[in-house]
Each structure stands twice: as C-alpha cells, then as structure tokens.
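Enquirer: Got a structure for you, written out below as structure tokens; questions coming shortly.
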Amino acid sequence: MGGSRSERVTLPAPKYPLTAAIWIIILVTLSMVSPTHYTNAAAMSQTSAARSALTWLSGNEKADGSFEAFSQIPTPGAALALWLNDSHSAQAAKSFTWLASQLDNSSSYAWGEADIPGDMLYTLGASNNIGLLHNLTSISSELGAYQQQSSGFIGYYAQLSDGSYAQVATSVDTAMALWGIFQANSPISTGNRTFALNYLLSLQNVDGSFNLTRTIPESSTDALGPERISVTALVLLALRYAGKYAADDNRVSKALDFLANAISKNFTTTGDHKGHVYGAALSALAFQAYSRTVQALASVAFILTQQNSDGSFLDAARGSSQKTLDTGWVTVALEQVQQGPLFNSFLSPIVFVGIIVAVGVVVVVFLVVSRWSSKQIASSGAVLTIPTH
C-alpha cells in the first residue's frame with residue numbers, strides 16, 4: 001500500500017562540455033572583433049580631437065599669421081600643427097612668413113632669450129621653410145651669442161642672492177636652442193655643441209628628470225617648460241636631435257622611465273597635483289622619438305581626456321589666455337603619434353588571444369577535475385536515491 005520506497009535514479013549527463021564550448025566560441029569571436037573595434041574607436045577619437053583643435057587654431061589666427069599676445073611664443077607650435085595637417089595651407093604659410101620676419105628683425109620680441117628663437121627656427125626647419133629667412137648665418141650667430149662659455153644657453157631671468165635678477169643658463173633655453181640649430185642645420189662648433197649637451201646632462205636628477213637650472217628645479221613662469229615633465233621631454237628631444245643618444249643610453253633610459261611614471265600619475269607634479277597636457281604632448285613626442293610606441297599612445301590617451309568643448313587645450317600651469325601654445329603642440333602630438341599597423345593588427349589581437357588561451361586553460365582544468373570527481377563518486381559505489389511515495 002502507500003509505504004515509502006527508494007528508487008535509483010540516473011542523472012542526466014552534465015552539460016559542462018557544451019556550455020564551455022559555447023563560451024569559448026563567444027570569446028574567440030570577441031578576440032577577433034574587439035581589437036579592431038577598440039582600435040578604430042581610439043583612432044576616430046584621436047582624429048576627431050585633432051580636427052577640432054585645428055578648427056580652433058584656424059579660427060584664432062590673426063590677419064598677419066600670428067597668434068595671441070606675445071605671439072612669438074605660441075605661433076611656432078600652431079603654425080607647425082596647421083602645416084602637418086596640410087602642407088599647402090595658406091594659413092600655415094602666412095604664419096611661417098611672420099615667424100621668419102621676426103627672426104630677421106633683431107629688435108623683435110623673438111630676441112631676448114634663447115628658447116624663443118630656437119623654437120621658431122626649429123619650426124621653420126621642420127616645415128622646410130628655412131628659405132624664408134634672409135640671412136641664416138646672421139641668425140645662427142645671434143642665437144649662438146646666448147651660449148655661455150663652456151656651458152648652456154641663457155634666457156630665463158632668475159633672482160640672485162642679492163635680490164636682483166639676471167639671465168642664467170637653463171635646460172629649456174639650451175634644449176630649444178639646440179632644437180633649432182639641429183633642425184635648421186645651423187652652424188655650431190663641435191666644442192660648443194658638446195658643452196651644451198654636457199650642460200643638459202649635468203641637470204639630470206636621480207629619478208631621471210631634469211631641472212630647469214643648477215639651483216632651480218622648475219618654474220611655472222617658464223612658458224616653454226613650466227614643470228619637470230615638459231622640461232625632461234624637451235631635453236630628451238634635444239638629445240635625440242643631436243644624433244648621438246639612443247634609448248639604450250642609461251641617462252636617456254632613466255629620463256624615459258621618469259616620463260613613463262608620469263603617465264601612471266596622469267601627468268601630475270608634486271607641486272600642484274594637476275595633470276599637465278602640454279607635458280603630456282611633449283612626452284608623447286619624446287616617446288615616439290625613442291620608439292616607445294606604447295607609452296606614446298598612453299600619453300595621447302591622457303591628452304584626449306583634456307580637450308575643452310571648443311576644441312582647444314589648456315595646461316594646468318597656464319592662464320586662461322594662453323590656449324594657443326598648448327593647443328598647437330598638443331595638436332602636433334596628435335598628428336605625429338599615430339597607431340601604426342603593427343600595433344593595430346598584431347599587438348592587440350595577441351593580447352586578446354592571450355586572454356582567450358588563459359580562459360581556455362581554466363575551462364579545461366575545470367572539466368578534467370569535474371570528470372575525475374564524477375569517476376571517484378561512481379567507483380566508490382555511491383548511489384543517489386530519491387525517496388518516493
């Protein structure tokens with residue numbers, strides 16, 4: 001009659017193999033689609049940011065081809081950015097003509113410090129516009145006059161112990177002067193070249209960064225190098241342009257590591273704890289110059305988070321009226337640091353496939369352990385019973 005009894009039940013076969021197979025197929029598909037998707041999205045974002053910045057620059061050029069107040073400082077980067085986008089740009093051509101006129105005029109604001117004429121000369125050289133200058137020899141001589149004997153180039157006004165101010169040699173003035181000299185093939189003696197490079201190297205800190213002077217670590221009042229990140233990148237580029245320093249040089253390697261550490265800190269400095277987009281742009285260019293593509297792209301990724309709604313960029317060290325200097329050099333970085341075909345088509349899929357392999361190994365181990373456990377239960381004689389009524 002209605003007594004209780006136990007009944008042997010055969011359980012359905014586990015569905016783990018089927019489920020695992022489905023997941024592996026999904027993950028493998030993602031490994032093929034995701035790298036392309038994210039790479040294209042990043043490229044579109046970078047292109048869009050550069051386009052917006054160029055539009056802003058184009059809309060803020062003066063009739064004579066210059067930009068903003070104290071135009072000799074922001075115009076070189078802006079002109080180079082416009083030219084890199086279109087080598088036949090009428091606006092860029094107008095800016096280059098204006099820059100050349102300023103260098104040709106020894107009484108213009110271009111002359112007074114070594115960094116400004118060095119920057120202007122570099123831009124004309126990089127764009128193949130040295131021919132716009134009336135007398136390169138005279139300009140080279142005038143720039144060379146800023147070099148101290150057996151040392152670097154002067155320009156920055158530093159306060160002395162007696163409270164007065166005097167021009168002193170700095171890493172920024174020296175680096176920018178060398179930028180211009182090397183890019184324009186401007187004459188400089190082997191001895192003076194060596195003195196300038198040795199002066200730069202004498203300013204390196206234990207952490208790989210470079211100071212502004214032998215007594216001043218950094219100064220936000222130096223427009224072209226307001227903090228150690230940008231100073232270090234400027235020096236690295238000068239060393240690279242010199243043609244005798246490579247990434248495997250211990251001093252260069254330490255400086256690159258300092259900049260790489262800055263990436264992890266979102267290009268903040270201990271002085272203000274703010275991210276510096278100008279320093280990030282110069283860092284991206286320095287990384288690219290030494291073939292550190294991953295770090296160069298990481299610098300660009302930070303840059304893309306800093307763009308203003310009007311397309312411009314403004315470093316944390318600037319006043320609100322100095323957007324052109326930052327926008328110009330940031331745009332140059334966006335135009336020159338690009339994801340190459342090796343990085344797009346090979347590196348990203350390798351990373352994703354690595355993830356897939358790792359997941360696959362975990363799944364296989366899980367299945368093996370599950371099978372082994374099932375066999376152990378079966379061999380021990382354990383029987384699953386379900387009471388029935």
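Each chain in the structure tokens gets a letter, A, B, ..., in the order shown, and its residues are numbered from 1; ligands are numbered from 1 in order too.
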Could you pull the residues within 12 Å of A:Gln295, counting only C-alpha atoms, minus those fewer than 6 positions along the same chain, as an NGL selection string?
Expert: :A and (256-264 or 280-281 or 283-289 or 301-302 or 337-339)
Enquirer: Could you pull out the strand (DSSP E or B) residues of stretch 95-341 of chain A, going by DSSP on the backbone, and write them as a list in words?
Expert: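 Assigned to strand (DSSP E or B), within stretch 95-341 of chain A: Gln147, Phe153, Ile154, Gly155, Tyr156, Tyr157, Ala158, Gln159, Tyr165, Ala166, Gln167, Val168, Ala169, Gln204 and Phe210 of chain A.
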Enquirer: Store the residues of this selection in a file with N, CA, C and O atoms, as a short mmCIF file (atom, residue, chain, number, x, y, z; two decimals), in the first residue's frame.
Expert:
```cif
data_model
loop_
_atom_site.label_atom_id
_atom_site.label_comp_id
_atom_site.auth_asym_id
_atom_site.auth_seq_id
_atom_site.Cartn_x
_atom_site.Cartn_y
_atom_site.Cartn_z
N GLN A 147 74.85 81.49 -25.83
CA GLN A 147 75.51 80.39 -25.13
C GLN A 147 76.62 80.92 -24.23
O GLN A 147 77.50 81.67 -24.68
N PHE A 153 72.76 77.60 -22.85
CA PHE A 153 72.22 78.85 -23.38
C PHE A 153 71.40 79.56 -22.31
O PHE A 153 70.68 78.93 -21.53
N ILE A 154 71.48 80.90 -22.31
CA ILE A 154 70.78 81.68 -21.30
C ILE A 154 69.46 82.22 -21.84
O ILE A 154 69.20 82.21 -23.04
N GLY A 155 68.64 82.72 -20.91
CA GLY A 155 67.37 83.33 -21.28
C GLY A 155 66.50 83.62 -20.07
O GLY A 155 65.97 84.72 -19.92
N TYR A 156 66.35 82.65 -19.20
CA TYR A 156 65.47 82.78 -18.03
C TYR A 156 66.08 83.78 -17.04
O TYR A 156 67.28 83.74 -16.76
N TYR A 157 65.22 84.65 -16.52
CA TYR A 157 65.66 85.62 -15.52
C TYR A 157 65.44 85.03 -14.13
O TYR A 157 64.31 84.81 -13.70
N ALA A 158 66.56 84.79 -13.43
CA ALA A 158 66.49 84.19 -12.08
C ALA A 158 66.88 85.23 -11.04
O ALA A 158 67.70 86.12 -11.30
N GLN A 159 66.28 85.11 -9.88
CA GLN A 159 66.59 86.03 -8.80
C GLN A 159 67.89 85.59 -8.12
O GLN A 159 68.06 84.44 -7.74
N TYR A 165 67.86 90.46 -10.44
CA TYR A 165 67.58 89.40 -11.43
C TYR A 165 68.62 89.44 -12.55
O TYR A 165 69.09 90.52 -12.94
N ALA A 166 68.95 88.25 -13.04
CA ALA A 166 69.91 88.16 -14.14
C ALA A 166 69.59 86.93 -14.97
O ALA A 166 69.01 85.96 -14.48
N GLN A 167 69.94 86.99 -16.24
CA GLN A 167 69.71 85.85 -17.12
C GLN A 167 70.71 84.74 -16.80
O GLN A 167 71.91 84.99 -16.63
N VAL A 168 70.20 83.52 -16.74
CA VAL A 168 71.04 82.36 -16.44
C VAL A 168 70.79 81.27 -17.47
O VAL A 168 69.77 81.28 -18.17
N ALA A 169 71.72 80.35 -17.57
CA ALA A 169 71.56 79.22 -18.47
C ALA A 169 70.50 78.27 -17.90
O ALA A 169 70.43 78.05 -16.69
N GLN A 204 70.48 66.47 -14.76
CA GLN A 204 69.61 65.31 -14.53
C GLN A 204 69.59 64.91 -13.06
O GLN A 204 70.63 64.90 -12.38
N PHE A 210 64.88 66.22 -15.32
CA PHE A 210 65.87 67.28 -15.48
C PHE A 210 65.37 68.55 -14.80
O PHE A 210 64.19 68.89 -14.88
#
```
Enquirer: Show me, as a ChimeraX atom specification, the residues that have an atom within 12 Å of stretch 136-146 of chain A when counting only C-alpha atoms, minus same-chain residues fewer than 6 positions from it.
Expert: /A:100-107,110-122,124-125,129-130,152-156,167-170,173-174,176-182,184-189,192-193,196
Enquirer: Which residues, written as an MDAnalysis selection string, have at least one atom at most 9 Å from A:Ala93, with only C-alpha atoms counted and residues fewer than 6 positions away on the same chain left out?
Expert: chainID A and resid 65 79 83 87 129
Enquirer: Restricting the calculation to only C-alpha atoms: of A:Ser299, A:Gln322, A:Ser48, A:Gln336, which residue gets closest to A:Ala69?
Expert: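 Closest to A:Ala69, using only C-alpha atoms: A:Gln322.
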Enquirer: Any idea what's packed within 12 Å of stretch 201-203 of chain A, counting only C-alpha atoms, ignoring anything in its chain fewer than 5 positions away? Could you give it as a CSV table (one decimal) with N, CA and C atoms, in the first residue's frame?
Expert:
```
chain,number,residue,atom,x,y,z
A,151,SER,N,79.3,76.2,-21.5
A,151,SER,CA,78.0,75.8,-20.8
A,151,SER,C,76.8,75.8,-21.7
A,152,GLY,N,75.6,76.1,-21.1
A,152,GLY,CA,74.4,76.1,-21.9
A,152,GLY,C,74.0,77.5,-22.4
A,169,ALA,N,71.7,80.4,-17.6
A,169,ALA,CA,71.6,79.2,-18.5
A,169,ALA,C,70.5,78.3,-17.9
A,170,THR,N,69.7,77.7,-18.8
A,170,THR,CA,68.6,76.8,-18.3
A,170,THR,C,68.6,75.6,-19.3
A,171,SER,N,67.9,74.6,-18.8
A,171,SER,CA,67.7,73.4,-19.7
A,171,SER,C,66.7,73.7,-20.8
A,172,VAL,N,65.7,74.6,-20.6
A,172,VAL,CA,64.7,74.9,-21.6
A,172,VAL,C,65.4,75.7,-22.7
A,174,THR,N,68.5,76.0,-23.4
A,174,THR,CA,69.6,75.2,-24.1
A,174,THR,C,68.9,74.2,-25.1
A,175,ALA,N,67.9,73.5,-24.6
A,175,ALA,CA,67.2,72.4,-25.4
A,175,ALA,C,66.6,73.1,-26.6
A,194,THR,N,79.1,70.2,-27.8
A,194,THR,CA,79.4,69.3,-26.7
A,194,THR,C,79.2,70.0,-25.4
A,195,PHE,N,79.6,71.2,-25.2
A,195,PHE,CA,79.4,71.9,-24.0
A,195,PHE,C,77.9,72.0,-23.6
A,196,ALA,N,77.1,72.3,-24.7
A,196,ALA,CA,75.6,72.5,-24.5
A,196,ALA,C,75.0,71.1,-24.0
A,208,GLY,N,65.7,60.6,-12.9
A,208,GLY,CA,65.7,60.6,-14.4
A,208,GLY,C,65.3,62.0,-14.9
A,209,SER,N,64.6,62.8,-14.1
A,209,SER,CA,64.1,64.1,-14.6
A,209,SER,C,65.2,65.1,-14.7
A,210,PHE,N,64.9,66.2,-15.3
A,210,PHE,CA,65.9,67.3,-15.5
A,210,PHE,C,65.4,68.6,-14.8
A,211,ASN,N,66.3,69.3,-14.2
A,211,ASN,CA,66.0,70.5,-13.5
A,211,ASN,C,66.0,71.7,-14.5
A,212,LEU,N,65.4,72.8,-14.2
A,212,LEU,CA,65.4,74.0,-15.0
A,212,LEU,C,66.9,74.6,-15.1
A,213,THR,N,67.4,74.8,-13.9
A,213,THR,CA,68.8,75.3,-13.7
A,213,THR,C,69.5,74.4,-12.7
A,214,ARG,N,70.8,74.8,-12.4
A,214,ARG,CA,71.5,74.1,-11.4
A,214,ARG,C,71.0,74.4,-10.0
A,215,THR,N,70.2,75.4,-9.8
A,215,THR,CA,69.7,75.8,-8.5
A,215,THR,C,68.2,75.8,-8.4
A,216,ILE,N,67.5,75.8,-9.6
A,216,ILE,CA,66.1,75.9,-9.7
A,216,ILE,C,65.5,74.6,-10.3
A,217,PRO,N,64.7,73.8,-9.5
A,217,PRO,CA,64.2,72.6,-10.1
A,217,PRO,C,63.2,72.8,-11.2
A,218,GLU,N,62.3,73.8,-11.0
A,218,GLU,CA,61.3,74.1,-12.0
A,218,GLU,C,60.7,75.5,-11.8
A,228,ARG,N,58.7,69.8,-14.5
A,228,ARG,CA,59.8,68.9,-14.8
A,228,ARG,C,59.4,67.9,-15.9
A,231,VAL,N,60.0,69.8,-19.2
A,231,VAL,CA,61.5,70.1,-19.2
A,231,VAL,C,62.2,68.8,-19.6
A,232,THR,N,61.9,67.7,-19.0
A,232,THR,CA,62.5,66.4,-19.3
A,232,THR,C,62.3,66.0,-20.7
A,235,VAL,N,64.4,68.1,-23.1
A,235,VAL,CA,65.8,67.7,-23.1
A,235,VAL,C,66.0,66.4,-23.9
A,236,LEU,N,65.1,65.4,-23.7
A,236,LEU,CA,65.2,64.2,-24.4
A,236,LEU,C,65.1,64.4,-25.9
A,238,ALA,N,66.0,67.1,-27.5
A,238,ALA,CA,67.3,67.8,-27.9
A,238,ALA,C,68.4,66.7,-28.0
A,239,LEU,N,68.4,65.8,-27.1
A,239,LEU,CA,69.5,64.8,-27.1
A,239,LEU,C,69.3,63.9,-28.3
A,245,TYR,N,72.5,60.0,-29.1
A,245,TYR,CA,71.9,59.4,-27.9
A,245,TYR,C,70.7,58.6,-28.3
A,249,ASP,N,70.9,54.3,-24.0
A,249,ASP,CA,71.8,55.1,-23.1
A,249,ASP,C,71.2,55.2,-21.7
A,250,ASN,N,72.0,55.0,-20.7
A,250,ASN,CA,71.4,54.9,-19.3
A,250,ASN,C,70.7,56.2,-18.9
A,251,ARG,N,71.3,57.3,-19.3
A,251,ARG,CA,70.7,58.6,-18.9
A,251,ARG,C,69.4,58.8,-19.7
A,252,VAL,N,69.3,58.5,-20.9
A,252,VAL,CA,68.1,58.6,-21.7
A,252,VAL,C,67.0,57.6,-21.1
A,254,LYS,N,66.7,56.4,-18.2
A,254,LYS,CA,66.2,56.9,-16.9
A,254,LYS,C,65.2,58.0,-17.1
A,255,ALA,N,65.5,58.9,-18.0
A,255,ALA,CA,64.5,60.0,-18.3
A,255,ALA,C,63.2,59.5,-18.9
```
Enquirer: Give the helix (DSSP H, G or I) residues of stretch 175-348 of chain A, as DSSP finds them on the backbone, and put them as a ChimeraX atom specification.
Expert: /A:175-183,190-202,228-241,250-264,277-289,293-304,323-336,341-348
Enquirer: Neighbouring residues of A:Gln306 were defined as those with any atom within 9 Å, considering only C-alpha atoms; residues of the same chain fewer than 2 positions away were excluded. Please report them as a compact mmCIF listing (two decimals) with N, CA, C and O atoms, in the first residue's frame.
Expert:
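around_10.txt was written with the following content:
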```txt
# COMPACT_ATOMS: atom_id res chain seq x y z
N GLY A 275 47.08 67.44 -13.74
CA GLY A 275 47.57 66.83 -14.96
C GLY A 275 47.98 67.88 -15.98
O GLY A 275 47.23 68.83 -16.22
N VAL A 277 48.73 68.79 -19.70
CA VAL A 277 48.52 68.33 -21.07
C VAL A 277 49.67 68.75 -21.99
O VAL A 277 50.01 68.04 -22.94
N PHE A 302 45.80 60.13 -22.51
CA PHE A 302 45.57 61.15 -21.48
C PHE A 302 45.17 62.47 -22.13
O PHE A 302 44.25 63.15 -21.67
N ILE A 303 45.86 62.84 -23.20
CA ILE A 303 45.57 64.10 -23.89
C ILE A 303 44.10 64.18 -24.30
O ILE A 303 43.45 65.22 -24.16
N LEU A 304 43.57 63.07 -24.78
CA LEU A 304 42.19 63.06 -25.28
C LEU A 304 41.17 63.35 -24.18
O LEU A 304 40.04 63.73 -24.46
N ASN A 308 39.05 70.85 -24.33
CA ASN A 308 37.93 71.71 -23.99
C ASN A 308 36.82 71.57 -25.02
O ASN A 308 37.04 71.09 -26.14
N PHE A 313 43.05 73.27 -26.02
CA PHE A 313 43.65 72.63 -24.85
C PHE A 313 44.30 73.72 -24.00
O PHE A 313 44.78 74.72 -24.53
N LEU A 314 44.33 73.51 -22.69
CA LEU A 314 44.95 74.49 -21.79
C LEU A 314 45.62 73.75 -20.65
O LEU A 314 44.96 73.02 -19.91
N ASP A 315 46.93 73.94 -20.53
CA ASP A 315 47.67 73.28 -19.46
C ASP A 315 47.31 73.88 -18.10
O ASP A 315 46.96 75.07 -18.01
```
Enquirer: I'd like the neighbourhood of A:Ala223 as a JSON list (two decimals) with N, CA and C atoms, in the first residue's frame, where a residue qualifies if any of its atoms comes within 9 Å (using only C-alpha atoms), though same-chain residues fewer than 6 positions away should be ignored.
Expert:
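Everything below was put into selection-v5.json:
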```
[["chain", "number", "residue", "atom", "x", "y", "z"],
["A", 73, "ILE", "N", 55.83, 83.28, -28.92],
["A", 73, "ILE", "CA", 55.83, 82.06, -28.11],
["A", 73, "ILE", "C", 54.80, 81.03, -28.61],
["A", 317, "ALA", "N", 49.14, 74.80, -15.85],
["A", 317, "ALA", "CA", 50.08, 75.84, -15.41],
["A", 317, "ALA", "C", 49.80, 77.19, -16.06],
["A", 318, "ARG", "N", 48.85, 77.27, -16.99],
["A", 318, "ARG", "CA", 48.64, 78.49, -17.77],
["A", 318, "ARG", "C", 47.52, 79.37, -17.22],
["A", 325, "LEU", "N", 49.44, 78.13, -27.22],
["A", 325, "LEU", "CA", 50.69, 77.41, -27.01],
["A", 325, "LEU", "C", 50.43, 75.93, -26.77]]
```
Enquirer: When you draw a straight line from atom CA of A:Leu84 to atom CA of A:Thr123, how long is it in Å?
Expert: 11.0 Å
